[in-house]
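With PDB, C-alpha atoms and all ligand atoms inside, this is upload13.pdb:
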```
ATOM      1  CA  MET A   1      29.189  -3.202  -5.334  1.00  0.00           C
ATOM      2  CA  LYS A   2      28.326  -6.869  -5.779  1.00  0.00           C
ATOM      3  CA  LYS A   3      24.695  -7.524  -6.684  1.00  0.00           C
ATOM      4  CA  VAL A   4      22.787  -9.918  -4.427  1.00  0.00           C
ATOM      5  CA  LEU A   5      19.191 -11.076  -4.765  1.00  0.00           C
ATOM      6  CA  ILE A   6      17.231 -12.466  -1.835  1.00  0.00           C
ATOM      7  CA  ILE A   7      14.239 -14.561  -2.886  1.00  0.00           C
ATOM      8  CA  ASN A   8      11.579 -15.832  -0.506  1.00  0.00           C
ATOM      9  CA  GLY A   9       8.936 -18.313  -1.571  1.00  0.00           C
ATOM     10  CA  PRO A  10       5.364 -19.104  -0.548  1.00  0.00           C
ATOM     11  CA  ASN A  11       3.988 -18.266   2.885  1.00  0.00           C
ATOM     12  CA  LEU A  12       7.125 -16.437   3.954  1.00  0.00           C
ATOM     13  CA  ASN A  13       5.123 -13.215   3.684  1.00  0.00           C
ATOM     14  CA  MET A  14       3.218 -14.666   6.687  1.00  0.00           C
ATOM     15  CA  LEU A  15       6.253 -14.863   8.980  1.00  0.00           C
ATOM     16  CA  GLY A  16       5.363 -13.527  12.401  1.00  0.00           C
ATOM     17  CA  LYS A  17       2.165 -15.589  12.307  1.00  0.00           C
ATOM     18  CA  ARG A  18       3.746 -18.969  11.418  1.00  0.00           C
ATOM     19  CA  PRO A  19       4.875 -21.435  14.140  1.00  0.00           C
ATOM     20  CA  LYS A  20       7.560 -19.610  16.097  1.00  0.00           C
ATOM     21  CA  GLU A  21       9.411 -22.757  17.185  1.00  0.00           C
ATOM     22  CA  HIS A  22      10.310 -23.346  13.547  1.00  0.00           C
ATOM     23  CA  TYR A  23      10.402 -19.879  12.044  1.00  0.00           C
ATOM     24  CA  GLY A  24      11.115 -17.422  14.869  1.00  0.00           C
ATOM     25  CA  SER A  25       9.010 -14.371  15.639  1.00  0.00           C
ATOM     26  CA  LEU A  26      10.129 -11.738  13.118  1.00  0.00           C
ATOM     27  CA  THR A  27       8.077 -10.688  10.109  1.00  0.00           C
ATOM     28  CA  LEU A  28       9.681 -10.810   6.651  1.00  0.00           C
ATOM     29  CA  ASP A  29       9.934  -6.990   6.651  1.00  0.00           C
ATOM     30  CA  GLU A  30      11.768  -7.108   9.982  1.00  0.00           C
ATOM     31  CA  ILE A  31      14.164  -9.763   8.676  1.00  0.00           C
ATOM     32  CA  ASN A  32      14.828  -7.735   5.528  1.00  0.00           C
ATOM     33  CA  GLN A  33      15.440  -4.638   7.653  1.00  0.00           C
ATOM     34  CA  LYS A  34      18.011  -6.551   9.708  1.00  0.00           C
ATOM     35  CA  ILE A  35      19.696  -7.732   6.513  1.00  0.00           C
ATOM     36  CA  VAL A  36      19.864  -4.156   5.186  1.00  0.00           C
ATOM     37  CA  GLU A  37      21.319  -2.845   8.481  1.00  0.00           C
ATOM     38  CA  GLU A  38      24.125  -5.454   8.399  1.00  0.00           C
ATOM     39  CA  ASN A  39      24.958  -5.132   4.719  1.00  0.00           C
ATOM     40  CA  GLN A  40      24.311  -1.512   3.734  1.00  0.00           C
ATOM     41  CA  GLY A  41      27.142  -0.128   1.645  1.00  0.00           C
ATOM     42  CA  TYR A  42      28.578  -3.575   1.047  1.00  0.00           C
ATOM     43  CA  PHE A  43      26.104  -5.350  -1.211  1.00  0.00           C
ATOM     44  CA  ASP A  44      23.608  -3.948  -3.703  1.00  0.00           C
ATOM     45  CA  LEU A  45      20.599  -5.885  -2.361  1.00  0.00           C
ATOM     46  CA  ASP A  46      17.326  -6.745  -4.105  1.00  0.00           C
ATOM     47  CA  PHE A  47      14.468  -8.438  -2.267  1.00  0.00           C
ATOM     48  CA  PHE A  48      11.696 -10.516  -3.823  1.00  0.00           C
ATOM     49  CA  GLN A  49       8.910 -12.562  -2.274  1.00  0.00           C
ATOM     50  CA  SER A  50       6.261 -14.489  -4.163  1.00  0.00           C
ATOM     51  CA  ASN A  51       3.728 -17.197  -3.492  1.00  0.00           C
ATOM     52  CA  SER A  52       3.831 -18.181  -7.147  1.00  0.00           C
ATOM     53  CA  GLU A  53       6.276 -20.678  -8.638  1.00  0.00           C
ATOM     54  CA  GLY A  54       6.213 -18.992 -12.073  1.00  0.00           C
ATOM     55  CA  GLU A  55       7.041 -15.556 -10.656  1.00  0.00           C
ATOM     56  CA  ILE A  56      10.029 -16.991  -8.794  1.00  0.00           C
ATOM     57  CA  ILE A  57      11.266 -18.649 -11.991  1.00  0.00           C
ATOM     58  CA  THR A  58      10.920 -15.413 -13.979  1.00  0.00           C
ATOM     59  CA  LYS A  59      12.838 -13.532 -11.261  1.00  0.00           C
ATOM     60  CA  LEU A  60      15.635 -16.120 -11.348  1.00  0.00           C
ATOM     61  CA  GLN A  61      15.848 -15.816 -15.133  1.00  0.00           C
ATOM     62  CA  GLU A  62      16.218 -12.028 -14.762  1.00  0.00           C
ATOM     63  CA  ALA A  63      18.921 -12.526 -12.107  1.00  0.00           C
ATOM     64  CA  ILE A  64      20.979 -14.982 -14.108  1.00  0.00           C
ATOM     65  CA  ALA A  65      24.148 -12.863 -13.781  1.00  0.00           C
ATOM     66  CA  TYR A  66      23.835 -11.660 -10.167  1.00  0.00           C
ATOM     67  CA  ASP A  67      26.964 -12.187  -8.039  1.00  0.00           C
ATOM     68  CA  GLY A  68      24.955 -13.963  -5.377  1.00  0.00           C
ATOM     69  CA  ILE A  69      21.464 -15.335  -4.773  1.00  0.00           C
ATOM     70  CA  LEU A  70      20.002 -16.281  -1.422  1.00  0.00           C
ATOM     71  CA  ILE A  71      16.870 -18.335  -1.941  1.00  0.00           C
ATOM     72  CA  ASN A  72      14.427 -19.718   0.557  1.00  0.00           C
ATOM     73  CA  PRO A  73      12.117 -21.603  -1.799  1.00  0.00           C
ATOM     74  CA  ALA A  74       9.935 -22.582   1.205  1.00  0.00           C
ATOM     75  CA  ALA A  75       7.583 -25.456   0.276  1.00  0.00           C
ATOM     76  CA  TYR A  76       8.836 -25.370  -3.340  1.00  0.00           C
ATOM     77  CA  THR A  77      12.151 -26.730  -1.998  1.00  0.00           C
ATOM     78  CA  HIS A  78      10.445 -30.091  -1.807  1.00  0.00           C
ATOM     79  CA  THR A  79       8.442 -30.026  -5.047  1.00  0.00           C
ATOM     80  CA  SER A  80       9.787 -27.738  -7.762  1.00  0.00           C
ATOM     81  CA  VAL A  81      11.889 -29.168 -10.555  1.00  0.00           C
ATOM     82  CA  ALA A  82      11.243 -25.884 -12.408  1.00  0.00           C
ATOM     83  CA  ILE A  83      12.830 -23.708  -9.692  1.00  0.00           C
ATOM     84  CA  ARG A  84      15.735 -26.136  -9.526  1.00  0.00           C
ATOM     85  CA  ASP A  85      16.272 -25.867 -13.292  1.00  0.00           C
ATOM     86  CA  ALA A  86      16.095 -22.046 -13.201  1.00  0.00           C
ATOM     87  CA  LEU A  87      18.643 -21.942 -10.367  1.00  0.00           C
ATOM     88  CA  GLU A  88      20.975 -24.184 -12.303  1.00  0.00           C
ATOM     89  CA  LEU A  89      21.229 -21.454 -14.982  1.00  0.00           C
ATOM     90  CA  CYS A  90      22.289 -18.738 -12.540  1.00  0.00           C
ATOM     91  CA  THR A  91      26.025 -18.186 -12.602  1.00  0.00           C
ATOM     92  CA  GLY A  92      26.581 -16.489  -9.219  1.00  0.00           C
ATOM     93  CA  ILE A  93      26.958 -18.064  -5.801  1.00  0.00           C
ATOM     94  CA  LYS A  94      23.684 -19.690  -4.789  1.00  0.00           C
ATOM     95  CA  LEU A  95      22.828 -20.170  -1.132  1.00  0.00           C
ATOM     96  CA  GLU A  96      19.821 -22.172   0.039  1.00  0.00           C
ATOM     97  CA  ILE A  97      18.220 -20.697   3.135  1.00  0.00           C
ATOM     98  CA  HIS A  98      15.760 -22.102   5.679  1.00  0.00           C
ATOM     99  CA  LEU A  99      14.646 -20.591   8.943  1.00  0.00           C
ATOM    100  CA  SER A 100      13.915 -24.022  10.414  1.00  0.00           C
ATOM    101  CA  LYS A 101      16.057 -27.150  10.612  1.00  0.00           C
ATOM    102  CA  VAL A 102      14.428 -28.464   7.502  1.00  0.00           C
ATOM    103  CA  ASP A 103      16.616 -31.599   7.291  1.00  0.00           C
ATOM    104  CA  GLU A 104      15.424 -32.727  10.733  1.00  0.00           C
ATOM    105  CA  ARG A 105      11.686 -32.246  10.300  1.00  0.00           C
ATOM    106  CA  GLU A 106       8.993 -34.375   8.614  1.00  0.00           C
ATOM    107  CA  ASP A 107      10.110 -36.928   6.003  1.00  0.00           C
ATOM    108  CA  PHE A 108       8.441 -35.007   3.163  1.00  0.00           C
ATOM    109  CA  ARG A 109      10.677 -32.002   3.903  1.00  0.00           C
ATOM    110  CA  ARG A 110      13.768 -34.156   3.430  1.00  0.00           C
ATOM    111  CA  ILE A 111      12.964 -34.362  -0.260  1.00  0.00           C
ATOM    112  CA  ASN A 112      15.061 -31.492  -1.526  1.00  0.00           C
ATOM    113  CA  LEU A 113      15.218 -30.571  -5.208  1.00  0.00           C
ATOM    114  CA  VAL A 114      17.438 -27.496  -4.943  1.00  0.00           C
ATOM    115  CA  ARG A 115      20.271 -28.647  -2.664  1.00  0.00           C
ATOM    116  CA  ASP A 116      22.489 -29.983  -5.449  1.00  0.00           C
ATOM    117  CA  VAL A 117      22.310 -26.797  -7.532  1.00  0.00           C
ATOM    118  CA  CYS A 118      23.170 -24.531  -4.579  1.00  0.00           C
ATOM    119  CA  ASP A 119      26.677 -23.928  -3.264  1.00  0.00           C
ATOM    120  CA  LYS A 120      25.765 -24.141   0.412  1.00  0.00           C
ATOM    121  CA  CYS A 121      22.755 -24.362   2.735  1.00  0.00           C
ATOM    122  CA  PHE A 122      22.094 -22.302   5.870  1.00  0.00           C
ATOM    123  CA  GLN A 123      19.260 -23.623   8.025  1.00  0.00           C
ATOM    124  CA  GLY A 124      17.829 -23.750  11.525  1.00  0.00           C
ATOM    125  CA  LEU A 125      18.961 -20.323  12.713  1.00  0.00           C
ATOM    126  CA  HIS A 126      15.654 -18.493  12.145  1.00  0.00           C
ATOM    127  CA  GLU A 127      16.438 -15.040  10.673  1.00  0.00           C
ATOM    128  CA  ASN A 128      20.134 -15.597  11.330  1.00  0.00           C
ATOM    129  CA  SER A 129      20.214 -18.178   8.523  1.00  0.00           C
ATOM    130  CA  TYR A 130      20.070 -15.169   6.152  1.00  0.00           C
ATOM    131  CA  ILE A 131      22.577 -13.146   8.197  1.00  0.00           C
ATOM    132  CA  GLU A 132      25.098 -16.007   8.314  1.00  0.00           C
ATOM    133  CA  ALA A 133      24.671 -16.674   4.603  1.00  0.00           C
ATOM    134  CA  LEU A 134      25.498 -13.041   3.798  1.00  0.00           C
ATOM    135  CA  ARG A 135      28.575 -13.196   6.047  1.00  0.00           C
ATOM    136  CA  TYR A 136      29.677 -16.267   4.117  1.00  0.00           C
ATOM    137  CA  LEU A 137      29.039 -14.442   0.823  1.00  0.00           C
ATOM    138  CA  LYS A 138      31.251 -11.566   1.994  1.00  0.00           C
ATOM    139  CA  GLU A 139      34.061 -14.054   2.612  1.00  0.00           C
ATOM    140  CA  VAL A 140      33.783 -15.795  -0.732  1.00  0.00           C
ATOM    141  CA  LEU A 141      33.123 -12.725  -2.879  1.00  0.00           C
ATOM    142  CA  GLY A 142      35.891 -10.788  -1.113  1.00  0.00           C
TER
HETATM  143  C1  LIG A 201      11.147 -23.361   5.133  1.00  0.00           C
HETATM  144  C2  LIG A 201      10.974 -24.866   5.351  1.00  0.00           C
HETATM  145  C3  LIG A 201       9.961 -25.436   4.365  1.00  0.00           C
HETATM  146  O1  LIG A 201       9.823 -26.845   4.563  1.00  0.00           O
HETATM  147  C4  LIG A 201       8.617 -24.795   4.585  1.00  0.00           C
HETATM  148  O2  LIG A 201       7.670 -25.272   3.655  1.00  0.00           O
HETATM  149  C5  LIG A 201       8.661 -23.310   4.613  1.00  0.00           C
HETATM  150  C6  LIG A 201       9.822 -22.634   5.176  1.00  0.00           C
HETATM  151  C7  LIG A 201      12.064 -22.735   6.203  1.00  0.00           C
HETATM  152  O3  LIG A 201      12.464 -21.584   6.002  1.00  0.00           O
HETATM  153  O4  LIG A 201      12.357 -23.357   7.218  1.00  0.00           O
HETATM  154  O5  LIG A 201       7.698 -22.652   4.247  1.00  0.00           O
HETATM  155  O6  LIG A 201      11.766 -23.163   3.870  1.00  0.00           O
END
```

Please, can you express the file's structure as structure tokens?
Ligand code: DQA
Amino acid sequence: MKKVLIINGPNLNMLGKRPKEHYGSLTLDEINQKIVEENQGYFDLDFFQSNSEGEIITKLQEAIAYDGILINPAAYTHTSVAIRDALELCTGIKLEIHLSKVDEREDFRRINLVRDVCDKCFQGLHENSYIEALRYLKEVLG
């Protein structure tokens, strides 16, 4: 089975309480459950959430050879050169995920430091951004 890591950055552990018009109404556990239901037996899935930039970087360094990485760096999308550099080292398919339409929100969210080191971005579909990204991964990994 192909190994896939799903990383969620700061404040995504608070989903369910965050503004629903941007992020939908599901908690992170509920989203992860949905992901497992759709992909059980197909991908070997690992889930990781952290509010700390350093922990995310360490996790990426450990996952350097995974077949696929879905990452929602949350606010670090717009600020973290270090997460960008760690992602650049990962050899698998890298998919940038956002629940909201991040490219169409405030100007500061249009600064994006990870886009150019990821293969594709899925955004604006709430929890379905993750679901669609995994469907895409199935296509490309075969
Ligand atoms: C987010 C968008 C980011 O701008 C924001 O800081 C988040 C979540 C999203 O999933 O839409 O925390 O990555």

(message) Give me, as a ChimeraX atom specification, all polymer residues having an atom no more than 10 Å from segment 103-106 of chain A, counting all atoms listed in the file and skipping those fewer than 5 positions away in the same chain.
(response) /A:22,98,111-112,123-124

(message) Translate the PyMOL selection byres (((chain A and resi 34) around 12) and not hetatm) into a concrete residue list for this structure, as a list in words.
(response)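 Checked against the file, the PyMOL selection byres (((chain A and resi 34) around 12) and not hetatm) matches Leu26, Thr27, Leu28, Asp29, Glu30, Ile31, Asn32, Gln33, Ile35, Val36, Glu37, Glu38, Asn39, Gln40, Glu127, Asn128, Ser129, Tyr130, Ile131, Glu132 and Leu134 of chain A.
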
(request) Please extract the residues at most 12 Å from ligand LIG 201 (chain A), counting only C-alpha atoms and all ligand atoms, and provide them as JSON, numbers by chain, using the chain letters and residue numbers of this document. (result) {"A": [7, 8, 9, 10, 11, 12, 13, 14, 15, 18, 19, 20, 21, 22, 23, 24, 28, 50, 51, 70, 71, 72, 73, 74, 75, 76, 77, 78, 79, 80, 96, 97, 98, 99, 100, 101, 102, 103, 104, 105, 106, 107, 108, 109, 110, 111, 112, 113, 114, 121, 122, 123, 124, 125, 126, 127, 128, 129, 130]}

Selection above as a file: C-alpha atoms, as a tab-separated table (two decimals), in the frame of the given file:
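Saved result, out18.tsv, follows:
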```tsv
chain	number	residue	atom	x	y	z
A	7	ILE	CA	14.24	-14.56	-2.89
A	8	ASN	CA	11.58	-15.83	-0.51
A	9	GLY	CA	8.94	-18.31	-1.57
A	10	PRO	CA	5.36	-19.10	-0.55
A	11	ASN	CA	3.99	-18.27	2.88
A	12	LEU	CA	7.12	-16.44	3.95
A	13	ASN	CA	5.12	-13.22	3.68
A	14	MET	CA	3.22	-14.67	6.69
A	15	LEU	CA	6.25	-14.86	8.98
A	18	ARG	CA	3.75	-18.97	11.42
A	19	PRO	CA	4.88	-21.44	14.14
A	20	LYS	CA	7.56	-19.61	16.10
A	21	GLU	CA	9.41	-22.76	17.18
A	22	HIS	CA	10.31	-23.35	13.55
A	23	TYR	CA	10.40	-19.88	12.04
A	24	GLY	CA	11.12	-17.42	14.87
A	28	LEU	CA	9.68	-10.81	6.65
A	50	SER	CA	6.26	-14.49	-4.16
A	51	ASN	CA	3.73	-17.20	-3.49
A	70	LEU	CA	20.00	-16.28	-1.42
A	71	ILE	CA	16.87	-18.34	-1.94
A	72	ASN	CA	14.43	-19.72	0.56
A	73	PRO	CA	12.12	-21.60	-1.80
A	74	ALA	CA	9.94	-22.58	1.20
A	75	ALA	CA	7.58	-25.46	0.28
A	76	TYR	CA	8.84	-25.37	-3.34
A	77	THR	CA	12.15	-26.73	-2.00
A	78	HIS	CA	10.44	-30.09	-1.81
A	79	THR	CA	8.44	-30.03	-5.05
A	80	SER	CA	9.79	-27.74	-7.76
A	96	GLU	CA	19.82	-22.17	0.04
A	97	ILE	CA	18.22	-20.70	3.14
A	98	HIS	CA	15.76	-22.10	5.68
A	99	LEU	CA	14.65	-20.59	8.94
A	100	SER	CA	13.92	-24.02	10.41
A	101	LYS	CA	16.06	-27.15	10.61
A	102	VAL	CA	14.43	-28.46	7.50
A	103	ASP	CA	16.62	-31.60	7.29
A	104	GLU	CA	15.42	-32.73	10.73
A	105	ARG	CA	11.69	-32.25	10.30
A	106	GLU	CA	8.99	-34.38	8.61
A	107	ASP	CA	10.11	-36.93	6.00
A	108	PHE	CA	8.44	-35.01	3.16
A	109	ARG	CA	10.68	-32.00	3.90
A	110	ARG	CA	13.77	-34.16	3.43
A	111	ILE	CA	12.96	-34.36	-0.26
A	112	ASN	CA	15.06	-31.49	-1.53
A	113	LEU	CA	15.22	-30.57	-5.21
A	114	VAL	CA	17.44	-27.50	-4.94
A	121	CYS	CA	22.76	-24.36	2.74
A	122	PHE	CA	22.09	-22.30	5.87
A	123	GLN	CA	19.26	-23.62	8.02
A	124	GLY	CA	17.83	-23.75	11.52
A	125	LEU	CA	18.96	-20.32	12.71
A	126	HIS	CA	15.65	-18.49	12.14
A	127	GLU	CA	16.44	-15.04	10.67
A	128	ASN	CA	20.13	-15.60	11.33
A	129	SER	CA	20.21	-18.18	8.52
A	130	TYR	CA	20.07	-15.17	6.15
```

Could you list the residues chosen by the PyMOL selection byres (((chain A and resi 54-66) around 9) and not hetatm) in this structure as a compact mmCIF listing (two decimals) with C-alpha atoms, keeping the file's coordinate frame?
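This went into selection11.txt:
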```txt
# COMPACT_ATOMS: atom_id res chain seq x y z
CA LYS A 2 28.33 -6.87 -5.78
CA LYS A 3 24.70 -7.52 -6.68
CA VAL A 4 22.79 -9.92 -4.43
CA LEU A 5 19.19 -11.08 -4.76
CA ILE A 7 14.24 -14.56 -2.89
CA ASN A 8 11.58 -15.83 -0.51
CA GLY A 9 8.94 -18.31 -1.57
CA PHE A 48 11.70 -10.52 -3.82
CA GLN A 49 8.91 -12.56 -2.27
CA SER A 50 6.26 -14.49 -4.16
CA ASN A 51 3.73 -17.20 -3.49
CA SER A 52 3.83 -18.18 -7.15
CA GLU A 53 6.28 -20.68 -8.64
CA ASP A 67 26.96 -12.19 -8.04
CA GLY A 68 24.96 -13.96 -5.38
CA ILE A 69 21.46 -15.34 -4.77
CA PRO A 73 12.12 -21.60 -1.80
CA ALA A 82 11.24 -25.88 -12.41
CA ILE A 83 12.83 -23.71 -9.69
CA ASP A 85 16.27 -25.87 -13.29
CA ALA A 86 16.10 -22.05 -13.20
CA LEU A 87 18.64 -21.94 -10.37
CA LEU A 89 21.23 -21.45 -14.98
CA CYS A 90 22.29 -18.74 -12.54
CA THR A 91 26.02 -18.19 -12.60
CA GLY A 92 26.58 -16.49 -9.22
CA ILE A 93 26.96 -18.06 -5.80
```

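Note that the spacing between atom CA of Arg84 of chain A and atom CA of Val117 of chain A amounts to 6.9 Å.
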